[in-house]
Amino acid sequence: MIETFTKKKLEIVLERPLLNRLLDLLDRLEVSGYTALPALAGRGHDGVWRREGMVGEAGQMIVVFCILDGDRIDAVLSEVRELITRQIGIVTVTDVEVVRRDHF
Amino acid sequence: MFDLIAANLTSPVFLFFALGLFAALARSDLTMPEAVAKAIALYLMMAIGFKGGAGVAAHGIDATLIGSIIVGGVLSFAIPFLAFFLLKATTRLPIIDAAAVAAHYGSISIVTFVAATQALTTLGVEPEGYIVAVAAVMETPAILSALWLASRYGGAKRDTESGLFREIALNGSIVMLTGSFFIGLISGEKGLDLIAPFIIAPFQGVLCLFLLDMGLVAGRGLRQGWRELKPGVIAFGLYMPMLSAVIAAAAVWPLALSAGGTALMITLAASASYIAVPAAMRLALPDARPAIYLTMSLGVTFPFNLSLGIPIYIALAEAIR
């Protein structure tokens, strides 16, 4: 049985125009790493959207996730919350198991 | 003018746009890959910017250029005020939405500009190359006006972050357009001759392909957002470009512009943004609803300008020159 370690996964679904600001914030907070992915389609309080056929960034959504140590999550979360509080988006925090503890 | 309208409505550029619009409204699975659409948009910016720069290199810089840039900037700054108060008087849009919509109508649509340039070329009318620089200048002032209006009348928090204006001013299409303009200006007619087979010969065909995609985008936008638009708001999307056109015609009249240059200045003032301003509004006025401003500029005003607007603006320019 491989040994694993419990960490926190912060996942943010956010409007594409906010991507640079979010990544700058994560850099400033010195999180050990993050990954950003394009979202293809969805439906929320503001209706249905599809990436296909969007002419600009407005209306596109992205997903950013990062793995954090449990004792850092509150500090990061409060800054992220302040950034996205008036924007369309979803923030979730989940427990995950990682194989390499010292990476995060 | 009816001849101009008939010629425009039967041009391949408009007919491909209409095909895209029809395909989207009929729920066809016709799509353009995102990367292809982006590459085509870059190509169009490069071609139009370079040709504009080479034109200025050939004819030189004069006082009309400076005057056109100043008039363009003032129009972009002033039109949102008129748009905002008209929306307040004639619709029930919340203040924040009205301010966001006003920003779109003060700023410009570069695709409408490209389509108008192509329409003039087809008619054998050559506009001044530097109107490209005016287009770049007209993108941003409207955003400042709208933020002030939202703050003054809607109590919106003003986003004074310098990052916002850097992001707007350095958006990809503006960098490509102005960058190509200066490359064209530096390399001149000689440079244009070198790359003419790439940027002149295929231009109209590529524009058709791009407008097919724009038709698809506009149709999808209309399909998703039309429920948000009340009759007063749709009417605004149709009369506001005409109003802006008349104001622009009066503002550029004292300038010594050609009929082609005048038509492009009027087109710029009458067009509404749907790329740079929506992204800026998501950052600066996140409470404004994209379904309103995007559907209005892309689903109502853009098709109007492509079909009837451009020939009307050309006729208006010819009437005052």
# chains A, B, ... in the order shown; residues from 1 in each chain; ligands from 1

$ closest_atom_pairs --of "chain B" --to "chain A" --cutoff "10 Å" --atoms "only C-alpha atoms" --output "CSV"
residue,atom,partner,partner_atom,distance
B:Ala24,CA,A:Gly53,CA,9.8
B:Thr31,CA,A:Gly53,CA,7.6
B:Met32,CA,A:Gly53,CA,7.8
B:Pro33,CA,A:Glu52,CA,7.9
B:Glu34,CA,A:Glu52,CA,6.9
B:Ala37,CA,A:Val55,CA,8.7
B:Lys38,CA,A:Val55,CA,8.8
B:Gly163,CA,A:Arg21,CA,8.8
B:Leu164,CA,A:Arg21,CA,9.8
B:Glu167,CA,A:Pro17,CA,9.4
B:Asp213,CA,A:Gly53,CA,7.8
B:Met214,CA,A:Val55,CA,7.7
B:Gly215,CA,A:Gly53,CA,9.7
B:Leu216,CA,A:Gly53,CA,6.9
B:Val217,CA,A:Gly53,CA,5.0
B:Ala218,CA,A:Gly53,CA,8.6
B:Gly219,CA,A:Gly53,CA,9.5
B:Arg220,CA,A:Gly53,CA,7.4
B:Gly221,CA,A:Met54,CA,8.5
B:Gln224,CA,A:Val48,CA,7.6
B:Gly225,CA,A:Gly47,CA,9.2
B:Tyr274,CA,A:Gly56,CA,7.3
B:Ile275,CA,A:Gly56,CA,4.8
B:Ala276,CA,A:Gly56,CA,7.4
B:Val277,CA,A:Ala58,CA,8.8
B:Pro278,CA,A:Ala58,CA,5.6
B:Ala279,CA,A:Ala58,CA,4.6
B:Ala280,CA,A:Pro17,CA,7.7
B:Met281,CA,A:Ala58,CA,8.4
B:Arg282,CA,A:Ala58,CA,6.7
B:Leu283,CA,A:Pro17,CA,6.8
B:Leu285,CA,A:Arg86,CA,9.0
B:Pro286,CA,A:Gln87,CA,5.8
B:Asp287,CA,A:Arg86,CA,6.9
B:Arg289,CA,A:Asp46,CA,8.4
B:Pro290,CA,A:Gly59,CA,7.4
B:Ala291,CA,A:Asp46,CA,8.4
B:Leu294,CA,A:Ala58,CA,8.8
B:Leu298,CA,A:Val55,CA,9.4

$ write_last_selection --atoms "C-alpha atoms" --output "short mmCIF file (atom, residue, chain, number, x, y, z; two decimals), in the first residue's frame"
data_model
loop_
_atom_site.label_atom_id
_atom_site.label_comp_id
_atom_site.auth_asym_id
_atom_site.auth_seq_id
_atom_site.Cartn_x
_atom_site.Cartn_y
_atom_site.Cartn_z
CA ALA B 24 -27.19 29.24 -35.77
CA THR B 31 -19.17 25.52 -36.33
CA MET B 32 -15.80 27.13 -36.79
CA PRO B 33 -12.96 25.84 -34.59
CA GLU B 34 -12.06 28.47 -31.99
CA ALA B 37 -11.54 31.92 -35.83
CA LYS B 38 -8.82 33.52 -33.69
CA GLY B 163 -4.38 46.71 -14.41
CA LEU B 164 -7.85 47.21 -15.87
CA GLU B 167 -5.68 44.94 -20.05
CA ASP B 213 -18.34 32.60 -37.99
CA MET B 214 -19.57 35.99 -36.79
CA GLY B 215 -23.02 35.09 -38.12
CA LEU B 216 -22.90 31.87 -36.12
CA VAL B 217 -21.83 33.77 -33.00
CA ALA B 218 -24.50 36.46 -33.44
CA GLY B 219 -27.18 33.83 -34.06
CA ARG B 220 -26.23 31.81 -30.98
CA GLY B 221 -26.13 34.99 -28.91
CA GLN B 224 -29.65 32.47 -25.90
CA GLY B 225 -30.25 36.11 -24.98
CA TYR B 274 -18.53 43.05 -28.47
CA ILE B 275 -14.98 41.91 -27.74
CA ALA B 276 -12.94 44.38 -25.67
CA VAL B 277 -15.73 46.18 -23.79
CA PRO B 278 -17.62 43.05 -22.60
CA ALA B 279 -14.40 41.72 -21.06
CA ALA B 280 -13.73 45.10 -19.44
CA MET B 281 -17.29 45.23 -18.07
CA ARG B 282 -16.89 41.81 -16.46
CA LEU B 283 -13.90 43.22 -14.60
CA LEU B 285 -18.95 46.38 -13.60
CA PRO B 286 -19.55 42.71 -12.76
CA ASP B 287 -23.14 43.42 -11.67
CA ARG B 289 -25.67 41.51 -17.14
CA PRO B 290 -23.68 40.23 -20.15
CA ALA B 291 -26.90 38.76 -21.62
CA LEU B 294 -23.67 41.24 -25.54
CA LEU B 298 -23.72 41.39 -31.22
#

$ residues_around --residues "Ala135 (chain B)" --least-positions-apart "5" --cutoff "10 Å" --atoms "only C-alpha atoms" --output "ChimeraX atom specification"
/B:69,72-73,76,107-110,113,130,140,174,177-178,264-265,268-269

$ select_by_dssp --residues "chain A" --states "strand (DSSP E)" --output "PyMOL selection string"
chain A and resi 5-15+35-38+41-44+47-50+61-68+89-98

$ closest_residue --among "A:Leu19, A:Val98, A:Ile67, A:Ile2" --to "Ala36 (chain A)" --atoms "only C-alpha atoms"
A:Leu19

$ closest_residue --among "B:Ile66, B:Met1, B:Ala259, B:Val36" --to "Arg321 (chain B)" --atoms "only C-alpha atoms"
B:Ala259

$ residues_around --residues "region 52-65 of chain B" --least-positions-apart "2" --cutoff "12 Å" --atoms "only C-alpha atoms" --output "JSON, numbers by chain"
{"B": [45, 46, 47, 48, 49, 50, 67, 68, 69, 70, 71, 72, 114, 117, 126, 127, 128, 129, 130, 131, 132, 133, 134, 135, 177, 178, 179, 180, 181, 182, 183, 184, 185, 186, 187, 188, 189, 190, 191, 192, 193, 194, 195, 196, 199, 252, 253, 254, 255, 256, 257, 258, 261, 262, 265]}

$ select_by_dssp --residues "region 27-185 of chain B" --states "helix (DSSP H, G or I)" --output "VMD selection string"
chain B and resid 34 to 59 63 to 90 95 to 106 110 to 122 131 to 137 141 to 154 162 to 169 172 to 185

$ residues_around --residues "Thr6 (chain A)" --least-positions-apart "6" --cutoff "7 Å" --atoms "only C-alpha atoms" --output "list in words"
Asp95, Val96, Glu97 and Val98 of chain A

$ atom_distance --atom1 "CA of Ala18 (chain B)" --atom2 "CA of Ala136 (chain B)"
27.3 Å

$ closest_residue --among "B:Phe81, B:Phe2, B:Trp226, B:Phe203" --to "Ala115 (chain B)" --atoms "only C-alpha atoms"
B:Phe203

$ residues_around --residues "Phe5 (chain A)" --least-positions-apart "2" --cutoff "10 Å" --atoms "only C-alpha atoms" --output "list in words"
Glu3, Lys7, Asp69, Val96, Glu97, Val98, Val99, Arg100, Arg101 and Asp102 of chain A

$ residues_around --residues "region 78-82 of chain A" --least-positions-apart "4" --cutoff "9 Å" --atoms "only C-alpha atoms" --output "list in words"
Ile12, Leu22, Leu25, Leu26, Leu29, Ile73, Asp74, Arg86 and Val91 of chain A

$ write_last_selection --atoms "all heavy atoms" --output "compact mmCIF listing (two decimals), in the first residue's frame"
# COMPACT_ATOMS: atom_id res chain seq x y z
N ILE A 12 -11.65 26.52 -8.40
CA ILE A 12 -12.35 27.78 -8.67
C ILE A 12 -12.84 27.76 -10.12
O ILE A 12 -12.03 27.63 -11.04
CB ILE A 12 -11.40 28.99 -8.47
CG1 ILE A 12 -10.79 28.95 -7.07
CG2 ILE A 12 -12.13 30.30 -8.72
CD1 ILE A 12 -9.42 29.57 -6.99
N LEU A 22 -6.57 36.27 -11.04
CA LEU A 22 -6.55 35.15 -10.11
C LEU A 22 -5.14 34.53 -10.06
O LEU A 22 -4.61 34.27 -8.97
CB LEU A 22 -7.58 34.10 -10.51
CG LEU A 22 -7.59 32.84 -9.66
CD1 LEU A 22 -7.94 33.15 -8.21
CD2 LEU A 22 -8.56 31.81 -10.22
N LEU A 25 -2.78 36.64 -8.20
CA LEU A 25 -3.03 36.53 -6.77
C LEU A 25 -2.40 35.24 -6.20
O LEU A 25 -1.73 35.28 -5.16
CB LEU A 25 -4.55 36.52 -6.50
CG LEU A 25 -4.97 36.26 -5.06
CD1 LEU A 25 -4.53 37.41 -4.15
CD2 LEU A 25 -6.48 36.07 -4.95
N LEU A 26 -2.59 34.13 -6.91
CA LEU A 26 -2.02 32.86 -6.44
C LEU A 26 -0.48 32.94 -6.42
O LEU A 26 0.16 32.39 -5.53
CB LEU A 26 -2.49 31.70 -7.31
CG LEU A 26 -4.00 31.41 -7.26
CD1 LEU A 26 -4.37 30.28 -8.22
CD2 LEU A 26 -4.47 31.07 -5.85
N LEU A 29 0.47 34.95 -3.39
CA LEU A 29 0.29 34.18 -2.16
C LEU A 29 1.27 33.01 -2.08
O LEU A 29 1.26 32.25 -1.11
CB LEU A 29 -1.15 33.66 -2.08
CG LEU A 29 -2.24 34.72 -1.92
CD1 LEU A 29 -3.63 34.12 -2.10
CD2 LEU A 29 -2.13 35.40 -0.56
N ILE A 73 -5.04 27.01 3.85
CA ILE A 73 -6.25 27.15 3.06
C ILE A 73 -7.06 28.41 3.44
O ILE A 73 -7.56 29.11 2.57
CB ILE A 73 -7.14 25.87 3.14
CG1 ILE A 73 -8.26 25.93 2.12
CG2 ILE A 73 -7.67 25.61 4.52
CD1 ILE A 73 -7.83 25.77 0.71
N ASP A 74 -7.16 28.72 4.73
CA ASP A 74 -7.98 29.87 5.14
C ASP A 74 -7.41 31.18 4.58
O ASP A 74 -8.16 32.03 4.09
CB ASP A 74 -8.06 29.96 6.66
CG ASP A 74 -9.05 28.93 7.20
OD1 ASP A 74 -9.83 28.39 6.38
OD2 ASP A 74 -9.01 28.65 8.41
N ARG A 86 -17.97 39.45 -6.43
CA ARG A 86 -19.05 39.98 -7.26
C ARG A 86 -19.10 39.33 -8.64
O ARG A 86 -19.85 39.75 -9.50
CB ARG A 86 -18.89 41.50 -7.41
CG ARG A 86 -19.11 42.22 -6.09
CD ARG A 86 -18.57 43.63 -6.15
NE ARG A 86 -19.28 44.45 -7.11
CZ ARG A 86 -18.71 45.40 -7.84
NH1 ARG A 86 -17.43 45.61 -7.76
NH2 ARG A 86 -19.43 46.13 -8.66
N VAL A 91 -16.54 28.36 -5.89
CA VAL A 91 -15.30 27.98 -5.20
C VAL A 91 -15.60 26.79 -4.31
O VAL A 91 -16.56 26.82 -3.54
CB VAL A 91 -14.77 29.15 -4.33
CG1 VAL A 91 -13.48 28.74 -3.62
CG2 VAL A 91 -14.54 30.40 -5.17

$ closest_residue --among "A:Phe104, A:Thr92, A:Lys9, A:Leu83" --to "Gly33 (chain A)" --atoms "only C-alpha atoms"
A:Phe104

$ atom_distance --atom1 "CA of Gly124 (chain B)" --atom2 "CA of Pro197 (chain B)"
19.5 Å

$ residues_around --residues "region 239-244 of chain B" --least-positions-apart "5" --cutoff "9 Å" --atoms "only C-alpha atoms" --output "VMD selection string"
chain B and resid 75 79 83 86 105 to 106 234 249 266 to 267 269 to 272 301 304 to 305 309 312 to 313

$ write_last_selection --atoms "N, CA, C and O atoms" --output "short mmCIF file (atom, residue, chain, number, x, y, z; two decimals), in the first residue's frame"
data_model
loop_
_atom_site.label_atom_id
_atom_site.label_comp_id
_atom_site.auth_asym_id
_atom_site.auth_seq_id
_atom_site.Cartn_x
_atom_site.Cartn_y
_atom_site.Cartn_z
N LEU B 75 -15.65 61.56 -29.67
CA LEU B 75 -16.91 60.83 -29.96
C LEU B 75 -17.05 59.62 -29.05
O LEU B 75 -18.11 59.37 -28.48
N ILE B 79 -20.36 59.73 -26.71
CA ILE B 79 -21.53 58.93 -27.11
C ILE B 79 -22.14 58.14 -25.93
O ILE B 79 -23.37 58.07 -25.82
N ALA B 83 -26.10 57.77 -24.95
CA ALA B 83 -26.69 56.42 -24.91
C ALA B 83 -27.29 56.14 -23.53
O ALA B 83 -28.41 55.63 -23.41
N LEU B 86 -30.49 58.19 -22.91
CA LEU B 86 -31.58 57.66 -23.75
C LEU B 86 -32.12 56.35 -23.15
O LEU B 86 -33.34 56.13 -23.10
N TYR B 105 -21.70 51.09 -26.92
CA TYR B 105 -22.08 51.91 -28.07
C TYR B 105 -21.12 53.08 -28.29
O TYR B 105 -21.08 53.66 -29.38
N GLY B 106 -20.35 53.44 -27.27
CA GLY B 106 -19.32 54.46 -27.45
C GLY B 106 -18.06 53.88 -28.05
O GLY B 106 -17.35 54.55 -28.81
N ILE B 234 -34.40 46.67 -27.78
CA ILE B 234 -34.10 46.29 -29.17
C ILE B 234 -34.13 47.53 -30.07
O ILE B 234 -33.25 47.73 -30.90
N ALA B 249 -21.16 62.38 -38.30
CA ALA B 249 -21.11 63.11 -39.58
C ALA B 249 -20.92 64.61 -39.31
O ALA B 249 -20.12 65.27 -39.99
N ILE B 266 -17.78 57.55 -39.57
CA ILE B 266 -19.20 57.42 -39.19
C ILE B 266 -19.47 55.96 -38.76
O ILE B 266 -20.14 55.72 -37.75
N THR B 267 -18.92 55.02 -39.52
CA THR B 267 -19.11 53.60 -39.18
C THR B 267 -18.54 53.28 -37.80
O THR B 267 -19.17 52.56 -37.01
N ALA B 269 -18.17 55.29 -35.25
CA ALA B 269 -19.03 55.86 -34.21
C ALA B 269 -20.33 55.08 -34.07
O ALA B 269 -20.87 54.94 -32.98
N ALA B 270 -20.82 54.54 -35.19
CA ALA B 270 -22.11 53.85 -35.17
C ALA B 270 -22.01 52.40 -34.73
O ALA B 270 -23.02 51.76 -34.43
N SER B 271 -20.79 51.86 -34.69
CA SER B 271 -20.64 50.44 -34.33
C SER B 271 -20.59 50.28 -32.82
O SER B 271 -20.35 51.23 -32.08
N ALA B 272 -20.84 49.07 -32.38
CA ALA B 272 -20.82 48.78 -30.93
C ALA B 272 -19.87 47.62 -30.68
O ALA B 272 -19.85 46.64 -31.42
N THR B 301 -27.27 45.18 -33.04
CA THR B 301 -26.60 46.27 -33.75
C THR B 301 -25.63 45.78 -34.83
O THR B 301 -25.56 46.36 -35.92
N PHE B 304 -27.47 44.69 -37.92
CA PHE B 304 -28.06 45.89 -38.54
C PHE B 304 -27.00 46.67 -39.32
O PHE B 304 -27.20 47.06 -40.47
N ASN B 305 -25.84 46.86 -38.67
CA ASN B 305 -24.78 47.61 -39.33
C ASN B 305 -24.28 46.90 -40.58
O ASN B 305 -24.03 47.53 -41.61
N GLY B 309 -26.76 49.33 -42.15
CA GLY B 309 -25.99 50.46 -41.60
C GLY B 309 -24.88 50.93 -42.52
O GLY B 309 -24.83 52.11 -42.88
N ILE B 312 -25.89 52.87 -45.52
CA ILE B 312 -26.45 54.17 -45.11
C ILE B 312 -25.31 55.13 -44.73
O ILE B 312 -25.33 56.31 -45.10
N TYR B 313 -24.31 54.62 -44.01
CA TYR B 313 -23.21 55.48 -43.57
C TYR B 313 -22.39 55.96 -44.79
O TYR B 313 -21.93 57.10 -44.81
#

$ closest_residue --among "B:Ala116, B:Ala99, B:Val300, B:Leu209" --to "Leu238 (chain B)" --atoms "only C-alpha atoms"
B:Val300

$ closest_residue --among "B:Ala146, B:Ala39, B:Leu93, B:Ala251" --to "Val74 (chain B)" --atoms "only C-alpha atoms"
B:Ala251
